[in-house]
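Next comes coords.txt, with compact mmCIF, C-alpha atoms.
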```txt
# COMPACT_ATOMS: atom_id res chain seq x y z
CA MET A 987 -15.75 5.02 30.93
CA PHE A 988 -15.10 7.79 28.41
CA LYS A 989 -12.28 10.23 29.16
CA ILE A 990 -12.74 13.99 28.99
CA ILE A 991 -10.09 16.67 29.46
CA VAL A 992 -11.48 19.92 30.81
CA VAL A 993 -9.29 23.02 30.30
CA ASP A 994 -10.08 26.34 32.00
CA ASP A 995 -7.79 28.77 33.82
CA ASN A 996 -10.56 29.51 36.34
CA LEU A 997 -10.59 26.88 39.11
CA VAL A 998 -14.21 27.67 40.01
CA ASN A 999 -15.31 26.90 36.44
CA LEU A 1000 -13.34 23.66 36.52
CA LYS A 1001 -15.06 22.56 39.72
CA ILE A 1002 -18.49 23.40 38.30
CA LEU A 1003 -17.84 21.32 35.21
CA GLU A 1004 -16.40 18.53 37.34
CA GLY A 1005 -19.60 18.47 39.37
CA PHE A 1006 -21.68 18.26 36.20
CA LEU A 1007 -19.76 15.34 34.68
CA GLN A 1008 -17.82 13.31 37.23
CA ASP A 1009 -20.57 10.72 37.76
CA GLU A 1010 -20.50 9.66 34.09
CA TYR A 1011 -16.98 10.36 32.77
CA GLU A 1012 -13.34 10.02 33.77
CA LEU A 1013 -12.17 13.63 34.01
CA PHE A 1014 -8.75 15.27 33.74
CA LEU A 1015 -8.67 18.91 34.85
CA ALA A 1016 -6.14 21.44 33.51
CA GLN A 1017 -5.81 25.15 34.37
CA SER A 1018 -3.65 26.00 31.35
CA ALA A 1019 -2.92 24.87 27.84
CA ARG A 1020 0.52 23.61 28.86
CA GLU A 1021 -0.96 21.55 31.68
CA ALA A 1022 -3.47 20.08 29.22
CA ILE A 1023 -0.67 19.19 26.81
CA ASP A 1024 1.21 17.45 29.64
CA ILE A 1025 -1.88 15.41 30.48
CA ILE A 1026 -2.50 14.45 26.87
CA SER A 1027 1.16 13.48 26.32
CA ASN A 1028 0.51 10.41 28.48
CA PRO A 1029 -0.94 7.75 26.13
CA ASN A 1030 -3.03 6.40 29.00
CA ASN A 1031 -4.89 9.71 29.10
CA HIS A 1032 -5.95 9.77 25.46
CA PRO A 1033 -9.25 11.69 25.56
CA ASP A 1034 -12.55 10.88 23.93
CA LEU A 1035 -13.48 14.58 24.05
CA ILE A 1036 -11.97 17.91 25.14
CA LEU A 1037 -13.82 20.80 26.79
CA LEU A 1038 -11.86 23.97 26.18
CA ASP A 1039 -12.07 27.54 27.48
CA VAL A 1040 -11.14 30.32 25.04
CA MET A 1041 -9.64 33.12 27.13
CA MET A 1042 -6.53 31.74 28.84
CA PRO A 1043 -3.07 33.27 29.45
CA GLU A 1044 -0.01 32.37 27.29
CA ILE A 1045 -1.81 29.95 24.95
CA ASN A 1046 -5.51 30.65 24.42
CA GLY A 1047 -8.14 28.08 23.53
CA TYR A 1048 -8.05 28.72 19.79
CA GLU A 1049 -4.27 28.26 19.74
CA LEU A 1050 -4.46 25.08 21.82
CA CYS A 1051 -7.14 23.65 19.55
CA THR A 1052 -4.92 24.35 16.53
CA ILE A 1053 -2.02 22.55 18.23
CA LEU A 1054 -4.21 19.54 18.97
CA LYS A 1055 -5.62 19.36 15.45
CA ASN A 1056 -2.10 19.39 14.01
CA ASN A 1057 -1.29 16.26 16.02
CA PRO A 1058 -2.29 13.18 13.97
CA ALA A 1059 -3.03 11.21 17.14
CA LEU A 1060 -5.47 13.88 18.36
CA SER A 1061 -6.79 15.47 15.18
CA ASN A 1062 -10.05 13.50 15.27
CA VAL A 1063 -10.79 14.02 18.99
CA PRO A 1064 -13.87 16.28 19.25
CA VAL A 1065 -13.30 19.67 20.90
CA ILE A 1066 -16.11 21.71 22.43
CA PHE A 1067 -15.41 25.34 23.32
CA ILE A 1068 -17.00 26.70 26.50
CA SER A 1069 -16.67 30.48 26.68
CA ALA A 1070 -18.26 33.69 27.93
CA ASN A 1071 -17.53 35.19 24.50
CA HIS A 1072 -20.68 34.50 22.53
CA THR A 1073 -20.47 36.66 19.41
CA VAL A 1074 -20.89 35.12 15.98
CA GLY A 1075 -17.25 35.94 15.23
CA ASN A 1076 -16.03 34.07 18.31
CA GLU A 1077 -18.11 31.04 17.45
CA GLN A 1078 -16.94 31.07 13.82
CA GLN A 1079 -13.31 31.26 14.91
CA GLY A 1080 -13.87 28.23 17.14
CA PHE A 1081 -15.30 26.21 14.27
CA ASP A 1082 -12.55 27.42 11.93
CA VAL A 1083 -9.83 25.93 14.18
CA GLY A 1084 -11.60 22.58 14.28
CA ALA A 1085 -14.11 22.56 17.15
CA VAL A 1086 -17.32 20.55 16.78
CA ASP A 1087 -19.40 22.77 19.10
CA TYR A 1088 -19.40 26.09 20.97
CA ILE A 1089 -21.28 26.50 24.25
CA THR A 1090 -21.58 29.85 26.02
CA LYS A 1091 -21.32 30.45 29.76
CA PRO A 1092 -23.09 30.17 32.11
CA VAL A 1093 -23.32 26.50 31.20
CA SER A 1094 -26.56 24.54 31.44
CA LYS A 1095 -25.89 21.08 32.87
CA PRO A 1096 -28.54 19.25 30.78
CA LEU A 1097 -27.38 21.01 27.63
CA LEU A 1098 -23.70 20.25 28.30
CA ARG A 1099 -24.34 16.59 29.04
CA ALA A 1100 -26.52 16.20 25.96
CA ARG A 1101 -23.96 17.86 23.68
CA ILE A 1102 -21.12 15.74 25.07
CA LYS A 1103 -23.09 12.52 24.67
CA THR A 1104 -23.98 13.41 21.09
CA HIS A 1105 -20.44 14.27 20.01
CA ILE A 1106 -18.86 11.22 21.65
CA ALA A 1107 -21.45 9.02 19.95
CA LEU A 1108 -20.81 10.66 16.58
CA HIS A 1109 -17.06 10.31 17.05
CA ASN A 1110 -17.32 6.62 17.94
CA ASN A 1111 -19.66 5.96 15.04
CA THR A 1112 -17.18 7.63 12.70
CA ILE A 1113 -14.33 5.50 14.04
CA THR A 1114 -16.42 2.35 13.64
CA LEU A 1115 -17.38 3.28 10.08
CA GLU A 1116 -13.78 4.10 9.15
CA ARG A 1117 -12.65 0.77 10.54
CA LYS A 1118 -15.29 -1.10 8.56
CA VAL A 1119 -14.38 0.78 5.40
CA LEU A 1120 -10.70 -0.03 5.94
CA GLU A 1121 -11.44 -3.71 6.53
CA ARG A 1122 -13.63 -3.86 3.43
CA THR A 1123 -11.02 -2.06 1.35
CA GLN A 1124 -8.32 -4.49 2.51
CA GLU A 1125 -10.60 -7.41 1.69
CA LEU A 1126 -11.25 -6.04 -1.81
CA ASN A 1127 -7.52 -5.45 -2.35
CA ARG A 1128 -6.74 -9.02 -1.30
CA SER A 1129 -9.40 -10.33 -3.68
CA ARG A 1130 -8.09 -8.19 -6.53
CA LEU A 1131 -4.50 -9.30 -5.98
CA ASP A 1132 -5.57 -12.93 -5.80
CA LEU A 1133 -7.48 -12.53 -9.08
CA VAL A 1134 -4.41 -10.97 -10.75
CA TYR A 1135 -2.28 -13.86 -9.53
CA ARG A 1136 -4.80 -16.47 -10.70
CA LEU A 1137 -4.99 -14.92 -14.17
CA GLY A 1138 -1.22 -15.15 -14.35
CA ILE A 1139 -1.45 -18.82 -13.47
CA ALA A 1140 -4.06 -19.31 -16.20
CA ALA A 1141 -1.62 -18.05 -18.82
CA GLU A 1142 1.12 -20.34 -17.52
CA TYR A 1143 -1.12 -23.42 -17.56
CA LYS A 1144 -1.93 -22.73 -21.21
CA ASP A 1145 1.81 -22.77 -21.84
CA GLY A 1146 2.16 -26.09 -20.04
CA ASP A 1147 3.69 -24.72 -16.82
CA THR A 1148 2.33 -24.60 -13.28
CA GLY A 1149 1.54 -21.48 -11.31
CA LEU A 1150 4.74 -21.95 -9.34
CA HIS A 1151 6.71 -20.28 -12.11
CA VAL A 1152 4.80 -17.02 -11.76
CA MET A 1153 5.07 -17.27 -7.99
CA ARG A 1154 8.83 -17.77 -7.99
CA MET A 1155 9.63 -15.16 -10.60
CA SER A 1156 7.43 -12.56 -8.90
CA LEU A 1157 9.25 -13.19 -5.63
CA TYR A 1158 12.60 -12.87 -7.44
CA ALA A 1159 11.41 -9.61 -8.98
CA ARG A 1160 10.41 -8.27 -5.57
CA LEU A 1161 13.81 -9.12 -4.12
CA LEU A 1162 15.61 -7.42 -7.01
CA ALA A 1163 13.39 -4.33 -6.92
CA ASP A 1164 14.02 -4.00 -3.19
CA ALA A 1165 17.76 -4.55 -3.60
CA ILE A 1166 18.10 -1.62 -6.02
CA GLY A 1167 16.40 0.66 -3.51
CA LEU A 1168 12.98 1.25 -5.05
CA ASP A 1169 10.24 2.73 -2.88
CA PRO A 1170 8.48 -0.05 -0.93
CA ASN A 1171 5.18 0.74 -2.65
CA ASP A 1172 6.83 0.38 -6.06
CA VAL A 1173 8.44 -2.88 -4.95
CA GLU A 1174 5.07 -4.34 -3.99
CA GLU A 1175 3.47 -3.08 -7.19
CA ILE A 1176 6.07 -4.88 -9.30
CA TYR A 1177 5.63 -8.00 -7.19
CA HIS A 1178 1.88 -8.08 -7.68
CA ALA A 1179 2.04 -7.11 -11.37
CA ALA A 1180 4.76 -9.59 -12.38
CA PRO A 1181 2.47 -12.66 -12.52
CA MET A 1182 0.67 -11.04 -15.46
CA HIS A 1183 3.77 -10.81 -17.64
CA ASP A 1184 2.70 -13.59 -20.02
CA ILE A 1185 -1.07 -13.05 -19.93
CA GLY A 1186 -0.92 -12.43 -23.70
CA LYS A 1187 -0.26 -16.13 -24.28
CA ILE A 1188 -3.98 -16.61 -23.76
CA GLY A 1189 -4.36 -15.17 -27.26
CA ILE A 1190 -1.84 -17.52 -28.91
CA PRO A 1191 -3.21 -20.69 -30.59
CA ASP A 1192 -2.38 -23.93 -28.76
CA SER A 1193 -0.89 -25.34 -31.96
CA VAL A 1194 1.83 -22.69 -31.73
CA LEU A 1195 2.12 -22.30 -27.98
CA GLN A 1196 2.39 -26.01 -27.21
CA LYS A 1197 4.29 -27.15 -30.31
CA PRO A 1198 7.00 -29.57 -29.15
CA GLY A 1199 9.44 -28.76 -31.91
CA LYS A 1200 11.01 -25.63 -33.32
CA LEU A 1201 8.61 -22.93 -34.51
CA THR A 1202 8.48 -21.96 -38.15
CA GLU A 1203 9.07 -18.34 -39.10
CA ASP A 1204 5.34 -17.73 -39.42
CA GLU A 1205 4.65 -19.45 -36.10
CA TRP A 1206 7.31 -17.34 -34.42
CA LYS A 1207 5.68 -14.19 -35.73
CA ILE A 1208 2.44 -15.32 -34.09
CA MET A 1209 4.20 -16.15 -30.81
CA ALA A 1210 5.94 -12.77 -30.81
CA LYS A 1211 2.57 -11.05 -30.67
CA HIS A 1212 1.87 -12.17 -27.10
CA PRO A 1213 3.40 -9.06 -25.43
CA GLU A 1214 1.11 -6.77 -27.40
CA ILE A 1215 -1.86 -9.06 -26.80
CA GLY A 1216 -1.10 -8.98 -23.08
CA ALA A 1217 -0.91 -5.20 -23.06
CA GLU A 1218 -4.23 -5.01 -24.90
CA ILE A 1219 -5.89 -7.43 -22.47
CA LEU A 1220 -4.72 -5.45 -19.45
CA GLY A 1221 -5.57 -2.06 -20.96
CA LYS A 1222 -4.00 1.33 -20.33
CA HIS A 1223 -4.45 2.84 -16.88
CA HIS A 1224 -3.33 6.09 -15.29
CA ARG A 1225 -1.34 4.23 -12.61
CA GLY A 1226 -1.49 1.25 -10.28
CA ILE A 1227 -0.89 -2.48 -10.51
CA LEU A 1228 -2.72 -3.00 -13.81
CA GLU A 1229 -0.71 -0.26 -15.52
CA THR A 1230 2.54 -1.73 -14.17
CA ALA A 1231 1.38 -5.16 -15.37
CA ARG A 1232 0.63 -3.72 -18.83
CA ILE A 1233 4.12 -2.18 -19.05
CA ILE A 1234 5.74 -5.45 -17.98
CA ALA A 1235 3.62 -7.56 -20.34
CA LEU A 1236 4.49 -5.34 -23.30
CA SER A 1237 8.21 -4.95 -22.60
CA HIS A 1238 9.53 -8.07 -20.84
CA HIS A 1239 10.91 -9.50 -24.11
CA GLU A 1240 12.85 -6.35 -24.99
CA LYS A 1241 16.64 -6.70 -24.76
CA TRP A 1242 19.26 -4.27 -23.50
CA ASP A 1243 21.04 -4.28 -26.89
CA GLY A 1244 17.86 -3.51 -28.83
CA THR A 1245 17.38 -6.95 -30.40
CA GLY A 1246 14.24 -7.83 -28.45
CA TYR A 1247 10.59 -7.49 -29.36
CA PRO A 1248 7.94 -6.19 -30.01
CA LEU A 1249 9.27 -2.61 -30.17
CA GLY A 1250 13.05 -3.11 -30.33
CA LEU A 1251 13.64 -0.86 -27.32
CA LYS A 1252 17.23 -0.44 -26.22
CA GLY A 1253 18.94 0.20 -22.89
CA MET A 1254 17.19 2.69 -20.63
CA GLU A 1255 14.33 2.95 -23.13
CA ILE A 1256 13.09 -0.32 -21.64
CA PRO A 1257 10.95 0.39 -18.55
CA LEU A 1258 12.72 -0.51 -15.32
CA GLU A 1259 9.83 -2.74 -14.23
CA ALA A 1260 10.25 -4.83 -17.38
CA ARG A 1261 14.04 -5.03 -17.02
CA ILE A 1262 13.60 -6.38 -13.50
CA VAL A 1263 10.99 -8.96 -14.49
CA THR A 1264 13.00 -10.07 -17.54
CA ILE A 1265 15.90 -11.15 -15.34
CA ALA A 1266 13.60 -12.88 -12.86
CA ASP A 1267 11.66 -14.64 -15.64
CA VAL A 1268 14.69 -15.89 -17.57
CA PHE A 1269 16.46 -17.06 -14.43
CA ASP A 1270 13.48 -19.14 -13.37
CA ALA A 1271 13.00 -20.56 -16.87
CA LEU A 1272 16.62 -21.69 -17.01
CA SER A 1273 16.91 -22.99 -13.47
CA SER A 1274 13.63 -24.96 -13.45
CA ASP A 1275 12.44 -28.09 -15.19
CA ARG A 1276 10.14 -27.42 -18.12
CA ALA A 1277 8.20 -29.79 -20.38
CA TYR A 1278 10.78 -29.25 -23.12
CA LYS A 1279 13.98 -29.24 -21.01
CA LYS A 1280 15.63 -30.08 -17.72
CA ALA A 1281 16.82 -27.37 -15.34
CA TRP A 1282 20.30 -26.07 -16.09
CA PRO A 1283 22.97 -26.51 -13.43
CA ASP A 1284 23.39 -23.38 -11.32
CA GLU A 1285 26.90 -22.64 -12.60
CA GLN A 1286 25.69 -22.79 -16.20
CA VAL A 1287 22.86 -20.37 -15.37
CA PHE A 1288 25.26 -17.95 -13.67
CA VAL A 1289 27.63 -18.04 -16.64
CA PHE A 1290 24.74 -17.34 -19.02
CA MET A 1291 23.55 -14.40 -16.93
CA MET A 1292 27.07 -12.91 -16.98
CA GLU A 1293 27.43 -13.50 -20.71
CA GLN A 1294 24.14 -11.67 -21.33
CA LYS A 1295 25.11 -8.53 -19.38
CA GLY A 1296 24.70 -5.64 -21.77
CA LYS A 1297 23.12 -7.93 -24.37
CA HIS A 1298 19.87 -9.37 -23.08
CA PHE A 1299 19.97 -7.85 -19.60
CA ASP A 1300 20.58 -4.52 -17.90
CA PRO A 1301 24.19 -5.05 -16.71
CA ASN A 1302 23.73 -3.23 -13.43
CA LEU A 1303 20.68 -5.30 -12.55
CA VAL A 1304 22.52 -8.54 -13.33
CA ASP A 1305 25.28 -7.66 -10.87
CA ILE A 1306 22.76 -6.89 -8.14
CA PHE A 1307 20.74 -10.02 -8.92
CA LEU A 1308 23.83 -12.17 -8.55
CA ASP A 1309 24.68 -10.40 -5.29
CA ILE A 1310 21.34 -11.48 -3.81
CA MET A 1311 21.61 -15.01 -5.20
CA PRO A 1312 21.55 -16.70 -1.75
CA GLU A 1313 18.06 -15.27 -1.16
CA ILE A 1314 17.03 -16.13 -4.73
CA LEU A 1315 18.08 -19.78 -4.30
CA GLN A 1316 16.29 -19.95 -0.97
CA ILE A 1317 13.04 -18.98 -2.69
CA ARG A 1318 13.64 -21.47 -5.51
CA ASP A 1319 14.30 -24.28 -3.05
CA GLN A 1320 11.30 -23.38 -0.93
CA TYR A 1321 8.83 -23.39 -3.84
CA GLN A 1322 9.67 -26.39 -5.93
CA GLU A 1323 7.14 -28.02 -8.24
CA GLU A 1324 5.84 -30.39 -5.57
CA THR A 1325 4.55 -27.36 -3.61
CA THR A 1326 0.79 -27.34 -4.07
CA GLU A 1327 -0.46 -23.94 -2.91
CA PHE A 1328 0.68 -20.35 -2.67
CA THR A 1329 -1.22 -17.29 -1.58
CA PRO A 1330 0.15 -13.86 -2.60
CA LYS A 1331 0.71 -11.51 0.34
```
Written form, structure tokens:
Amino acid sequence: MFKIIVVDDNLVNLKILEGFLQDEYELFLAQSAREAIDIISNPNNHPDLILLDVMMPEINGYELCTILKNNPALSNVPVIFISANHTVGNEQQGFDVGAVDYITKPVSKPLLRARIKTHIALHNNTITLERKVLERTQELNRSRLDLVYRLGIAAEYKDGDTGLHVMRMSLYARLLADAIGLDPNDVEEIYHAAPMHDIGKIGIPDSVLQKPGKLTEDEWKIMAKHPEIGAEILGKHHRGILETARIIALSHHEKWDGTGYPLGLKGMEIPLEARIVTIADVFDALSSDRAYKKAWPDEQVFVFMMEQKGKHFDPNLVDIFLDIMPEILQIRDQYQEETTEFTPK
């Protein structure tokens, strides 16, 4: 049964409205704005609609409606004014403060019941539509994130690795981004963008990318183009995951001391997102088996990370990364190469 709060300082009017509606709705009667607020403050009394008189002492109907509309939990509840004031100005003021209808006294029972039924139906249809839109939006976001992750895996397979590398390093990047205090939305954006860091390898010939031996100078020049290829594949965007992915793809081979590529950025010139992913990427490369090498022992990896502070890596980020190493190792141990499936969350 739908719940309606009826607010009128005149008890006779309340009883009339109660008689009109009590057979079809659960009613809460209030003789003042403050009494109405007390009723509404109980979550069990959350109304589906509010009938509101205009002329009341202390807090009038317009003021109460404004208070209700400023409450996020009540802002969408339809309010119908019932008043003896029936000028165009009074009606306009009622609509201006957020009412959906304005009925003048004396009230016609059939008219009141019809208006209430209409506005409750419209309100419920709106809620249902908003819920469906939200569910569809969430479904599309999940599909988009899964596609981004799968494209990252595609680049890794071309390089001879499994998708577990992009999974592990993106989880490391999320931990590090969170540990330095980034906004949770930025943390998740880095996490979902990180798998695309090497997407540019799709544009590198297999003869170079999968060469078992040392690359020649010309081959290295070709390999060094993959950050720019990745940025071109992803394209420039105003904001969002794809723009973060583009920044990371372009800059994750830059080094703190300026000796990286493709742009030779130095220090804080390197985007923070790329500095985070660089540490996560290198750590996973060193601490995991690859086709061309065995995993380094942990102590050797830690020594390398410390040696590269201020050279390859942002020194502050290295310190924080090592501080969260227990969580990093837990992820590494959980997602070893024998793990067969991972779904980004």
Closest of A:Val993, A:Ala1271, A:Leu1054, A:Ala1059 to A:Met1042 - atom-to-atom distances counting only C-alpha atoms: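 Between A:Val993, A:Ala1271, A:Leu1054, A:Ala1059, the residue approaching A:Met1042 most closely is A:Val993.
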Residues near A:Pro1283, cut-off 9 Å, all atoms listed in the file, skip fewer than 5 positions along chain, as a ChimeraX atom specification: /A:1272-1273,1288
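Checking A:Asn996, A:Gln1286, A:Ser1156, A:Ser1069 one by one against A:Ile1314, counting all atoms listed in the file, you find the shortest gap at A:Ser1156.
Taking only C-alpha atoms into account, A:Gly1244 lies nearest to A:Ile1256 out of the set A:Val1074, A:Ile991, A:Val1194, A:Ile1256.
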Point-to-point distance in Å for atom CA of A:Thr1245 and atom CA of A:Pro1301: 15.4 Å
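Minimum atom-to-atom distances from A:Glu1218, A:Asp1039, A:Asp994, A:Asp1034 to A:Tyr1088 were compared using only C-alpha atoms, and the lowest value belongs to A:Asp1039.
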Restricting the calculation to all atoms listed in the file: of A:Ile1219, A:Leu1201, A:Ile1227, A:Leu1258, which residue gets closest to A:Asn1171? A:Ile1227
I'd like the interatomic distance between atom CA of A:Gln1008 and atom CA of A:Asn1056, to a tenth of an Å. 28.7 Å
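Closest to A:Ala1165 among A:Phe1014, A:Ile1262, A:Ile1068, A:Ala1281 is A:Ile1262, based on only C-alpha atoms.
Pairwise distance (atom CA of A:Gly1189, atom CA of A:Pro1248) equals 15.5 Å.
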For stretch 1161-1164 of chain A, I'd like the enclosing box, axis-aligned and padded by 8 Å on every side, reported as lines of an AutoDock Vina configuration file with centre and edge lengths in Å to one decimal.
```
center_x = 14.5
center_y = -6.6
center_z = -5.1
size_x = 18.2
size_y = 21.1
size_z = 19.8
```
Mind checking which residues fall within 9 Å of A:Val1173, counting all atoms listed in the file, ignoring those fewer than 3 positions away in the same chain, and posting them as a PyMOL selection string? chain A and resi 1159-1164+1167-1170+1176-1178
Around (-24.0, 29.7, 32.8) in the file's own coordinates, what residues are found within 12 Å if you use only C-alpha atoms, given back as a compact mmCIF listing (two decimals) with C-alpha atoms, in the coordinates of the input?
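Output (out.txt):
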```txt
# COMPACT_ATOMS: atom_id res chain seq x y z
CA ASN A 999 -15.31 26.90 36.44
CA ILE A 1002 -18.49 23.40 38.30
CA LEU A 1003 -17.84 21.32 35.21
CA ILE A 1068 -17.00 26.70 26.50
CA SER A 1069 -16.67 30.48 26.68
CA ALA A 1070 -18.26 33.69 27.93
CA ASN A 1071 -17.53 35.19 24.50
CA HIS A 1072 -20.68 34.50 22.53
CA ILE A 1089 -21.28 26.50 24.25
CA THR A 1090 -21.58 29.85 26.02
CA LYS A 1091 -21.32 30.45 29.76
CA PRO A 1092 -23.09 30.17 32.11
CA VAL A 1093 -23.32 26.50 31.20
CA SER A 1094 -26.56 24.54 31.44
CA LYS A 1095 -25.89 21.08 32.87
CA PRO A 1096 -28.54 19.25 30.78
CA LEU A 1097 -27.38 21.01 27.63
CA LEU A 1098 -23.70 20.25 28.30
```
Using all atoms listed in the file, list the residues that have an atom at most 10 Å from (-1.7, -12.6, -27.9), coordinates as in the file, as a PyMOL selection string. chain A and resi 1184-1191+1208-1219
Selection export as a CSV table (one decimal), in the coordinates of the input, atoms kept: C-alpha atoms:
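Printed below is selection_9.csv as written:
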```csv
chain,number,residue,atom,x,y,z
A,1184,ASP,CA,2.7,-13.6,-20.0
A,1185,ILE,CA,-1.1,-13.0,-19.9
A,1186,GLY,CA,-0.9,-12.4,-23.7
A,1187,LYS,CA,-0.3,-16.1,-24.3
A,1188,ILE,CA,-4.0,-16.6,-23.8
A,1189,GLY,CA,-4.4,-15.2,-27.3
A,1190,ILE,CA,-1.8,-17.5,-28.9
A,1191,PRO,CA,-3.2,-20.7,-30.6
A,1208,ILE,CA,2.4,-15.3,-34.1
A,1209,MET,CA,4.2,-16.2,-30.8
A,1210,ALA,CA,5.9,-12.8,-30.8
A,1211,LYS,CA,2.6,-11.0,-30.7
A,1212,HIS,CA,1.9,-12.2,-27.1
A,1213,PRO,CA,3.4,-9.1,-25.4
A,1214,GLU,CA,1.1,-6.8,-27.4
A,1215,ILE,CA,-1.9,-9.1,-26.8
A,1216,GLY,CA,-1.1,-9.0,-23.1
A,1217,ALA,CA,-0.9,-5.2,-23.1
A,1218,GLU,CA,-4.2,-5.0,-24.9
A,1219,ILE,CA,-5.9,-7.4,-22.5
```
